[in-house]
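Participant: So that you have it, the file is data22.tsv, and it contains TSV, C-alpha atoms and all ligand atoms:
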chain	number	residue	atom	x	y	z
H	1	MET	CA	16.37	5.81	-22.42
H	2	ALA	CA	17.86	7.60	-25.42
H	3	GLU	CA	21.24	5.97	-24.87
H	4	ALA	CA	19.61	2.54	-24.54
H	5	MET	CA	17.97	3.09	-27.93
H	6	ILE	CA	21.19	4.36	-29.54
H	7	ALA	CA	23.12	1.33	-28.24
H	8	GLY	CA	20.46	-1.12	-29.46
H	9	LEU	CA	20.09	0.48	-32.89
H	10	ILE	CA	23.83	0.44	-33.54
H	11	LYS	CA	24.47	-3.02	-32.06
H	12	GLY	CA	21.51	-4.43	-33.99
H	13	GLY	CA	22.92	-2.95	-37.23
H	14	LEU	CA	19.69	-1.05	-37.99
H	15	PHE	CA	21.58	2.22	-38.29
H	16	GLN	CA	25.17	3.21	-38.91
H	17	PRO	CA	26.48	5.56	-36.18
H	18	GLU	CA	26.74	8.42	-38.68
H	19	GLN	CA	22.98	8.17	-39.36
H	20	ILE	CA	22.20	9.18	-35.78
H	21	ILE	CA	22.39	12.76	-34.53
H	22	VAL	CA	21.78	13.50	-30.86
H	23	ALA	CA	21.02	16.76	-29.09
H	24	ASN	CA	20.37	17.45	-25.42
H	25	ARG	CA	19.51	20.51	-23.39
H	26	SER	CA	22.97	21.82	-22.49
H	27	ASN	CA	25.29	19.05	-21.33
H	28	LYS	CA	28.30	19.15	-23.69
H	29	GLU	CA	30.31	16.56	-21.74
H	30	ARG	CA	27.45	14.08	-22.04
H	31	LEU	CA	27.33	14.60	-25.82
H	32	GLN	CA	31.11	14.14	-26.09
H	33	GLU	CA	30.80	10.92	-24.09
H	34	LEU	CA	28.13	9.63	-26.50
H	35	THR	CA	30.24	10.51	-29.55
H	36	LYS	CA	33.23	8.71	-28.07
H	37	LYS	CA	31.23	5.63	-27.11
H	38	TYR	CA	29.07	5.19	-30.23
H	39	GLY	CA	30.66	7.30	-32.98
H	40	ILE	CA	27.40	9.20	-33.46
H	41	GLU	CA	27.12	12.87	-34.31
H	42	THR	CA	26.03	15.25	-31.57
H	43	THR	CA	25.01	18.89	-31.65
H	44	HIS	CA	23.12	21.60	-29.82
H	45	ASN	CA	21.70	22.89	-33.08
H	46	LYS	CA	18.12	21.57	-32.86
H	47	LYS	CA	17.15	23.17	-36.16
H	48	ARG	CA	19.81	21.16	-37.99
H	49	VAL	CA	18.82	17.91	-36.33
H	50	VAL	CA	15.18	18.37	-37.20
H	51	GLN	CA	15.77	19.47	-40.78
H	52	GLU	CA	18.11	16.59	-41.57
H	53	ALA	CA	16.19	13.81	-39.84
H	54	LYS	CA	13.50	11.56	-41.24
H	55	THR	CA	12.66	10.34	-37.75
H	56	ILE	CA	12.85	12.49	-34.62
H	57	VAL	CA	12.90	10.67	-31.28
H	58	LEU	CA	11.89	12.76	-28.28
H	59	ALA	CA	13.31	11.35	-25.02
H	60	MET	CA	13.39	14.22	-22.52
H	61	LYS	CA	11.48	14.12	-19.22
H	62	PRO	CA	7.77	14.94	-19.72
H	63	LYS	CA	8.16	18.27	-17.88
H	64	ASP	CA	10.77	19.34	-20.47
H	65	ILE	CA	8.68	18.65	-23.57
H	66	LYS	CA	7.71	22.27	-24.10
H	67	ALA	CA	11.29	23.51	-23.98
H	68	GLY	CA	12.40	20.48	-25.99
H	69	ILE	CA	10.19	21.14	-28.97
H	70	ASP	CA	10.21	24.91	-28.66
H	71	GLY	CA	11.62	26.34	-31.84
H	72	ILE	CA	11.48	23.19	-33.95
H	73	GLN	CA	7.84	23.50	-35.04
H	74	ASP	CA	8.74	25.48	-38.15
H	75	TYR	CA	11.08	22.73	-39.36
H	76	ILE	CA	8.64	19.84	-38.94
H	77	ASP	CA	7.63	18.90	-42.45
H	78	GLY	CA	6.70	15.26	-42.87
H	79	GLN	CA	9.25	13.75	-40.47
H	80	LEU	CA	8.02	11.01	-38.16
H	81	ILE	CA	8.04	12.07	-34.50
H	82	VAL	CA	8.50	9.24	-32.00
H	83	SER	CA	8.00	10.14	-28.35
H	84	VAL	CA	8.93	7.90	-25.42
H	85	LEU	CA	7.63	10.42	-22.88
H	86	ALA	CA	5.30	8.92	-20.29
H	87	GLY	CA	2.00	10.75	-19.95
H	88	ILE	CA	2.25	13.10	-22.95
H	89	SER	CA	-0.63	12.33	-25.30
H	90	ILE	CA	-0.58	12.63	-29.07
H	91	GLU	CA	-3.18	15.40	-28.67
H	92	THR	CA	-0.92	17.37	-26.30
H	93	MET	CA	2.06	16.96	-28.62
H	94	THR	CA	0.03	18.01	-31.65
H	95	SER	CA	-1.15	21.04	-29.75
H	96	LEU	CA	2.38	21.99	-28.67
H	97	LEU	CA	3.68	21.54	-32.21
H	98	GLY	CA	0.80	23.65	-33.49
H	99	LYS	CA	0.22	21.36	-36.43
H	100	GLN	CA	-1.21	17.97	-37.35
H	101	THR	CA	1.72	15.68	-38.06
H	102	ALA	CA	2.86	12.05	-37.90
H	103	ILE	CA	3.41	11.16	-34.23
H	104	ILE	CA	4.04	7.78	-32.63
H	105	ARG	CA	3.89	7.44	-28.85
H	106	ALA	CA	6.02	4.63	-27.48
H	107	MET	CA	6.33	3.12	-24.00
H	108	PRO	CA	9.55	1.13	-23.76
H	109	ASN	CA	11.16	0.06	-20.49
H	110	THR	CA	14.67	0.30	-19.08
H	111	SER	CA	15.59	-3.21	-20.21
H	112	ALA	CA	16.17	-1.43	-23.54
H	113	ALA	CA	19.71	-1.01	-22.19
H	114	ILE	CA	20.31	-4.72	-22.82
H	115	ALA	CA	18.04	-4.95	-25.91
H	116	LYS	CA	15.25	-6.62	-23.90
H	117	SER	CA	12.66	-3.84	-23.76
H	118	ALA	CA	8.96	-4.67	-23.84
H	119	THR	CA	7.69	-1.73	-25.88
H	120	ALA	CA	4.21	-0.78	-27.05
H	121	ILE	CA	3.55	1.95	-29.61
H	122	ALA	CA	0.45	3.88	-30.68
H	123	ALA	CA	0.18	6.00	-33.81
H	124	SER	CA	-1.65	9.20	-34.74
H	125	GLU	CA	-3.93	9.25	-37.79
H	126	ASP	CA	-1.23	10.91	-39.89
H	127	VAL	CA	1.20	8.03	-39.53
H	128	THR	CA	1.55	5.77	-42.56
H	129	MET	CA	1.83	1.96	-42.40
H	130	ALA	CA	5.42	2.28	-43.66
H	131	GLN	CA	6.23	4.62	-40.76
H	132	ILE	CA	4.64	2.20	-38.26
H	133	LYS	CA	6.78	-0.63	-39.65
H	134	LYS	CA	9.88	1.55	-39.48
H	135	CYS	CA	9.12	2.46	-35.87
H	136	GLN	CA	8.45	-1.18	-34.99
H	137	SER	CA	11.83	-2.19	-36.38
H	138	LEU	CA	13.41	0.63	-34.39
H	139	PHE	CA	12.02	-0.76	-31.13
H	140	GLU	CA	12.55	-4.38	-32.19
H	141	ALA	CA	16.27	-3.53	-32.27
H	142	ILE	CA	15.99	-3.12	-28.49
H	143	GLY	CA	13.46	-5.84	-27.64
H	144	ILE	CA	9.88	-6.59	-28.65
H	145	CYS	CA	7.29	-4.11	-29.93
H	146	LYS	CA	3.49	-4.28	-29.91
H	147	LEU	CA	1.13	-1.91	-31.73
H	148	VAL	CA	-1.77	-0.79	-29.49
H	149	GLU	CA	-4.52	1.84	-29.38
H	150	GLU	CA	-3.32	5.03	-27.66
H	151	SER	CA	-6.01	4.49	-24.99
H	152	HIS	CA	-4.11	1.37	-23.89
H	153	LEU	CA	-0.81	3.14	-23.26
H	154	ASP	CA	-1.67	3.96	-19.62
H	155	ALA	CA	-2.14	0.25	-18.99
H	156	VAL	CA	1.09	-0.55	-20.84
H	157	THR	CA	2.90	2.03	-18.68
H	158	GLY	CA	1.47	0.51	-15.48
H	159	LEU	CA	2.32	-3.01	-16.61
H	160	SER	CA	5.57	-3.13	-18.58
H	161	GLY	CA	6.84	0.48	-18.42
H	162	SER	CA	7.03	0.34	-14.62
H	163	GLY	CA	7.25	-3.47	-14.60
H	164	PRO	CA	11.03	-3.83	-14.20
H	165	ALA	CA	10.74	-1.99	-10.86
H	166	TYR	CA	8.20	-4.53	-9.58
H	167	VAL	CA	10.60	-7.34	-10.41
H	168	TYR	CA	13.53	-5.52	-8.77
H	169	PHE	CA	11.36	-5.07	-5.67
H	170	LEU	CA	10.63	-8.82	-5.66
H	171	VAL	CA	14.37	-9.52	-5.88
H	172	GLU	CA	15.10	-7.09	-3.03
H	173	ALA	CA	12.60	-8.99	-0.85
H	174	MET	CA	14.01	-12.38	-1.90
H	175	GLU	CA	17.53	-11.18	-1.05
H	176	LYS	CA	16.42	-10.08	2.43
H	177	ALA	CA	14.67	-13.42	2.93
H	178	ALA	CA	17.75	-15.35	1.76
H	179	VAL	CA	19.92	-13.67	4.38
H	180	GLU	CA	17.30	-14.34	7.07
H	181	VAL	CA	17.33	-18.06	6.23
H	182	GLY	CA	21.11	-18.08	6.50
H	183	LEU	CA	22.50	-17.76	2.95
H	184	GLU	CA	25.50	-15.65	1.96
H	185	PRO	CA	24.30	-12.58	-0.03
H	186	ASP	CA	26.54	-13.38	-3.05
H	187	VAL	CA	25.34	-16.95	-3.27
H	188	ALA	CA	21.73	-15.82	-2.82
H	189	ARG	CA	22.02	-13.19	-5.58
H	190	ASP	CA	23.30	-15.76	-8.11
H	191	LEU	CA	20.59	-18.25	-7.18
H	192	ILE	CA	17.83	-15.62	-7.39
H	193	VAL	CA	19.01	-14.27	-10.75
H	194	GLN	CA	19.22	-17.74	-12.27
H	195	THR	CA	15.80	-18.64	-10.82
H	196	LEU	CA	14.27	-15.57	-12.49
H	197	LEU	CA	16.05	-16.19	-15.79
H	198	GLY	CA	15.03	-19.84	-15.78
H	199	ALA	CA	11.41	-19.14	-14.88
H	200	SER	CA	11.16	-16.37	-17.54
H	201	GLU	CA	12.57	-18.68	-20.20
H	202	MET	CA	10.21	-21.46	-19.14
H	203	ILE	CA	7.22	-19.10	-19.52
H	204	ALA	CA	8.53	-17.84	-22.87
H	205	SER	CA	9.36	-21.25	-24.34
H	206	SER	CA	6.60	-23.47	-22.90
H	207	ASP	CA	3.04	-23.85	-24.18
H	208	LYS	CA	1.92	-24.26	-20.60
H	209	HIS	CA	0.12	-21.52	-18.68
H	210	PRO	CA	2.14	-20.06	-15.77
H	211	SER	CA	-0.42	-21.55	-13.36
H	212	GLN	CA	0.39	-25.03	-14.78
H	213	LEU	CA	4.13	-24.39	-14.47
H	214	ARG	CA	3.51	-23.30	-10.87
H	215	LYS	CA	1.57	-26.51	-10.17
H	216	GLU	CA	4.49	-28.54	-11.54
H	217	VAL	CA	6.82	-27.01	-8.93
H	218	THR	CA	4.32	-27.53	-6.13
H	219	SER	CA	4.45	-31.00	-4.55
H	220	PRO	CA	1.45	-31.87	-2.36
H	221	ASN	CA	2.22	-30.89	1.21
H	222	GLY	CA	5.70	-29.76	0.14
H	223	THR	CA	7.76	-26.62	0.57
H	224	THR	CA	6.31	-24.63	-2.34
H	225	GLU	CA	2.75	-25.20	-1.16
H	226	ALA	CA	3.75	-24.00	2.30
H	227	GLY	CA	5.39	-20.87	0.87
H	228	ILE	CA	2.60	-20.05	-1.61
H	229	THR	CA	0.02	-20.39	1.15
H	230	ILE	CA	1.77	-17.57	3.00
H	231	LEU	CA	1.76	-15.43	-0.19
H	232	GLN	CA	-1.97	-16.05	-0.55
H	233	GLN	CA	-2.65	-15.25	3.10
H	234	LYS	CA	-0.63	-12.03	2.80
H	235	GLY	CA	-2.56	-10.96	-0.32
H	236	PHE	CA	0.31	-11.22	-2.86
H	237	GLU	CA	-1.94	-11.57	-5.92
H	238	GLU	CA	-4.29	-8.81	-4.80
H	239	ALA	CA	-1.34	-6.52	-4.03
H	240	LEU	CA	0.15	-7.00	-7.51
H	241	ILE	CA	-3.18	-6.43	-9.23
H	242	SER	CA	-3.73	-3.25	-7.20
H	243	CYS	CA	-0.15	-2.17	-8.02
H	244	VAL	CA	-0.63	-2.41	-11.79
H	245	LYS	CA	-4.08	-0.77	-11.56
H	246	ARG	CA	-2.76	2.13	-9.49
H	247	ALA	CA	0.24	2.66	-11.79
H	248	THR	CA	-2.17	2.64	-14.77
H	249	GLU	CA	-4.41	5.16	-13.02
H	250	ARG	CA	-1.37	7.33	-12.20
H	251	SER	CA	-0.35	7.31	-15.85
H	252	HIS	CA	-3.83	8.60	-16.70
H	253	GLU	CA	-3.61	11.28	-13.97
H	254	LEU	CA	-0.19	12.44	-15.22
H	255	LYS	CA	-1.51	12.61	-18.79
H	256	THR	CA	-4.44	14.80	-17.69
H	257	MET	CA	-2.15	16.95	-15.56
H	258	PHE	CA	0.39	17.49	-18.36
H	259	SER	CA	-2.35	18.16	-20.87
H	260	GLU	CA	-3.88	20.86	-18.65
H	261	ALA	CA	-0.53	22.38	-17.68
H	262	LEU	CA	0.98	22.37	-21.17
H	263	VAL	CA	-1.95	23.06	-23.41
H	264	THR	CA	-4.33	25.35	-21.51
H	265	THR	CA	-1.54	27.82	-20.57
H	266	ASP	CA	-0.91	28.17	-24.30
H	267	LYS	CA	-4.42	29.34	-25.07
H	301	LIG	N1	12.95	5.42	-17.02
H	301	LIG	C1	12.00	4.60	-17.44
H	301	LIG	O1	11.76	3.49	-16.93
H	301	LIG	C2	11.19	5.00	-18.62
H	301	LIG	C3	11.21	6.30	-19.07
H	301	LIG	N2	10.44	6.66	-20.11
H	301	LIG	C4	10.44	8.04	-20.56
H	301	LIG	O2	11.71	8.33	-21.12
H	301	LIG	C5	11.96	9.72	-20.99
H	301	LIG	C6	13.39	9.93	-20.58
H	301	LIG	O3	13.65	9.32	-19.35
H	301	LIG	P1	15.14	9.09	-18.86
H	301	LIG	O4	15.96	8.61	-20.00
H	301	LIG	O5	15.03	8.31	-17.63
H	301	LIG	O6	15.56	10.62	-18.51
H	301	LIG	P2	17.01	11.30	-18.44
H	301	LIG	O7	16.86	12.45	-17.49
H	301	LIG	O8	18.08	10.30	-18.21
H	301	LIG	O9	17.22	11.88	-19.91
H	301	LIG	C7	16.52	12.99	-20.38
H	301	LIG	C8	17.37	13.67	-21.43
H	301	LIG	O10	16.59	14.72	-22.00
H	301	LIG	C9	17.47	15.80	-22.27
H	301	LIG	N3	16.73	17.07	-22.36
H	301	LIG	C10	16.11	17.73	-21.36
H	301	LIG	N4	15.57	18.85	-21.85
H	301	LIG	C11	15.85	18.92	-23.17
H	301	LIG	C12	15.59	19.85	-24.19
H	301	LIG	N5	14.92	20.98	-23.93
H	301	LIG	N6	16.04	19.58	-25.44
H	301	LIG	C13	16.75	18.45	-25.70
H	301	LIG	N7	17.03	17.53	-24.74
H	301	LIG	C14	16.60	17.76	-23.51
H	301	LIG	C15	18.42	15.82	-21.08
H	301	LIG	O11	19.59	16.53	-21.40
H	301	LIG	C16	18.64	14.31	-20.88
H	301	LIG	O12	19.74	13.88	-21.67
H	301	LIG	C17	10.94	10.27	-19.97
H	301	LIG	O13	10.04	11.09	-20.66
H	301	LIG	C18	10.25	9.05	-19.42
H	301	LIG	O14	8.88	9.28	-19.22
H	301	LIG	C19	9.71	5.76	-20.82
H	301	LIG	C20	9.67	4.46	-20.44
H	301	LIG	C21	10.37	3.98	-19.28
H	302	LIG	O1	7.80	5.91	-13.27
H	302	LIG	C1	7.52	6.50	-14.32
H	302	LIG	O2	6.68	7.42	-14.31
H	302	LIG	C2	8.18	6.10	-15.62
H	302	LIG	C3	7.17	5.64	-16.64
H	302	LIG	C4	7.42	4.17	-16.81
H	302	LIG	C5	8.62	3.92	-16.03
H	302	LIG	N1	9.05	4.98	-15.46
For the file at hand, write its structure as structure tokens.

Facilitator:
Amino acid sequence: MAEAMIAGLIKGGLFQPEQIIVANRSNKERLQELTKKYGIETTHNKKRVVQEAKTIVLAMKPKDIKAGIDGIQDYIDGQLIVSVLAGISIETMTSLLGKQTAIIRAMPNTSAAIAKSATAIAASEDVTMAQIKKCQSLFEAIGICKLVEESHLDAVTGLSGSGPAYVYFLVEAMEKAAVEVGLEPDVARDLIVQTLLGASEMIASSDKHPSQLRKEVTSPNGTTEAGITILQQKGFEEALISCVKRATERSHELKTMFSEALVTTDK
């Protein structure tokens, strides 16, 4: 996720490579690779990164947050902290940092790697409008960015954070189906990809509701109607709704779990 952001920020011209400093836990080779690829500065000196930065992006796994911010608390003095960690609330981060500070929680998705992320951000009370705008432009360099209430971030995670995986799952099923109806896998892959791209662009560029676009594909008594009837009989719509709801619920569960594990052990 961090690399996707670095690539988008540099490609989009929002930052010069020398304005970005990256640290990780211990992997020197990985840092060298990033320096070579993007011309950015890398270091294992967290204190230096934090003191020099105006914006600090946290992009470790949620379980590593404690170790990640351990030792930087003393150097946080007005910088904006942007976290992309799923399930770590602003309250938990504030508690771990031991001080009230400007924190933005963001939920991007992996399409950030090709500057097509659907990101939502939520801000703590200490964040200024200028910092929100700055953060929005940061995520707009890698896709679109919506400002939401923090309470909506579980839903965003269940919808667009996990969303690319639902689409990949759909493609996996379509590929299996294509082979079963006799198509060559390579031909099928190209047809499926173009079908998805075309349908996405139709939704994005048309004023019509997706249900109207669907109707326009569906001739009475034709092939689409026959196929959609099977999807309805097999509970496709219900399955997708339950999928997003369960992922949203899981995001809430993880948030509660991390909050209890990270904060209560500190008391
Ligand atoms: N993969 C996804 O679809 C999405 C992931 N996220 C969030 O992005 C975050 C990162 O995910 P990935 O990029 O997939 O993980 P990753 O495992 O590829 O990268 C995590 C990075 O954190 C670094 N790290 C670990 N401990 C550290 C420490 N103590 N100090 C400094 N750096 C440390 C590691 O060296 C590694 O480079 C996660 O918190 C995840 O919840 C958010 C939206 C979508
Ligand atoms: O599966 C997960 O928990 C993370 C959050 C959103 C996408 N991946």

Participant: Using all atoms listed in the file, find each residue of chain H with at least one atom at most 10 Å away from an atom of ligand LIG 302 (chain H); report its shortest atom-to-atom pair and that distance in Å (one decimal), sort the rows by chain and rising residue number, and return the result as a Markdown table.

Facilitator:
| residue | atom | partner | partner_atom | distance |
| --- | --- | --- | --- | --- |
| H:Lys61 | CA | H:LIG302 | C2 | 9.4 |
| H:Pro62 | CA | H:LIG302 | O2 | 9.3 |
| H:Val84 | CA | H:LIG302 | C3 | 9.2 |
| H:Leu85 | CA | H:LIG302 | C3 | 7.9 |
| H:Ala86 | CA | H:LIG302 | C3 | 5.3 |
| H:Gly87 | CA | H:LIG302 | C3 | 8.0 |
| H:Met107 | CA | H:LIG302 | C4 | 7.3 |
| H:Pro108 | CA | H:LIG302 | C4 | 7.9 |
| H:Asn109 | CA | H:LIG302 | C5 | 6.4 |
| H:Thr110 | CA | H:LIG302 | C5 | 7.7 |
| H:Asp154 | CA | H:LIG302 | C3 | 9.5 |
| H:Val156 | CA | H:LIG302 | C4 | 8.9 |
| H:Thr157 | CA | H:LIG302 | C4 | 5.3 |
| H:Gly158 | CA | H:LIG302 | C4 | 7.1 |
| H:Leu159 | CA | H:LIG302 | C4 | 8.8 |
| H:Ser160 | CA | H:LIG302 | C4 | 7.7 |
| H:Gly161 | CA | H:LIG302 | C4 | 4.1 |
| H:Ser162 | CA | H:LIG302 | C5 | 4.2 |
| H:Gly163 | CA | H:LIG302 | C5 | 7.7 |
| H:Pro164 | CA | H:LIG302 | C5 | 8.3 |
| H:Ala165 | CA | H:LIG302 | C5 | 8.1 |
| H:Ala247 | CA | H:LIG302 | O1 | 8.4 |
| H:Thr248 | CA | H:LIG302 | C4 | 9.9 |
| H:Arg250 | CA | H:LIG302 | O2 | 8.3 |
| H:Ser251 | CA | H:LIG302 | O2 | 7.2 |
| H:Leu254 | CA | H:LIG302 | O2 | 8.6 |

Participant: Find the distance between CA of Thr42 in chain H and atom O6 of ligand LIG 301 (chain H) and write it in Å to one decimal.

Facilitator: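 So the answer is 17.4 Å.
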
Participant: Would you kindly return, as a VMD selection string, each protein, DNA or RNA residue with an atom no farther than 12 Å from any atom of Arg48 in chain H, considering all atoms listed in the file and excluding same-chain residues fewer than 4 positions away?

Facilitator: chain H and resid 21 to 23 41 to 44 52 to 54 56 71 to 72 74 to 76

Participant: Axis-aligned box over every listed atom of ligand LIG 301 (chain H), padded by 3 Å per side: centre and edges in Å to one decimal, as lines of an AutoDock Vina configuration file?

Facilitator:
center_x = 14.3
center_y = 12.2
center_z = -21.3
size_x = 16.9
size_y = 23.5
size_z = 14.8

Participant: Between H:Gln19, H:Thr119, H:Thr195, H:Gln79, single out the one closest to ligand LIG 301 (chain H), counting all atoms listed in the file.

Facilitator: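 The shortest atom-to-atom distance to ligand LIG 301 (chain H) comes from H:Thr119.
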
Participant: Figure out the distance between CA of Met1 in chain H and atom C18 of ligand LIG 301 (chain H), please, to one decimal in Å.

Facilitator: 7.5 Å

Participant: Looking at H:Gln233, H:Asn45, H:Thr128, H:Ser205, which one is nearest to ligand LIG 301 (chain H), with distances taken over only C-alpha atoms and all ligand atoms?

Facilitator: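 Using only C-alpha atoms and all ligand atoms, ligand LIG 301 (chain H) sits closest to H:Asn45.
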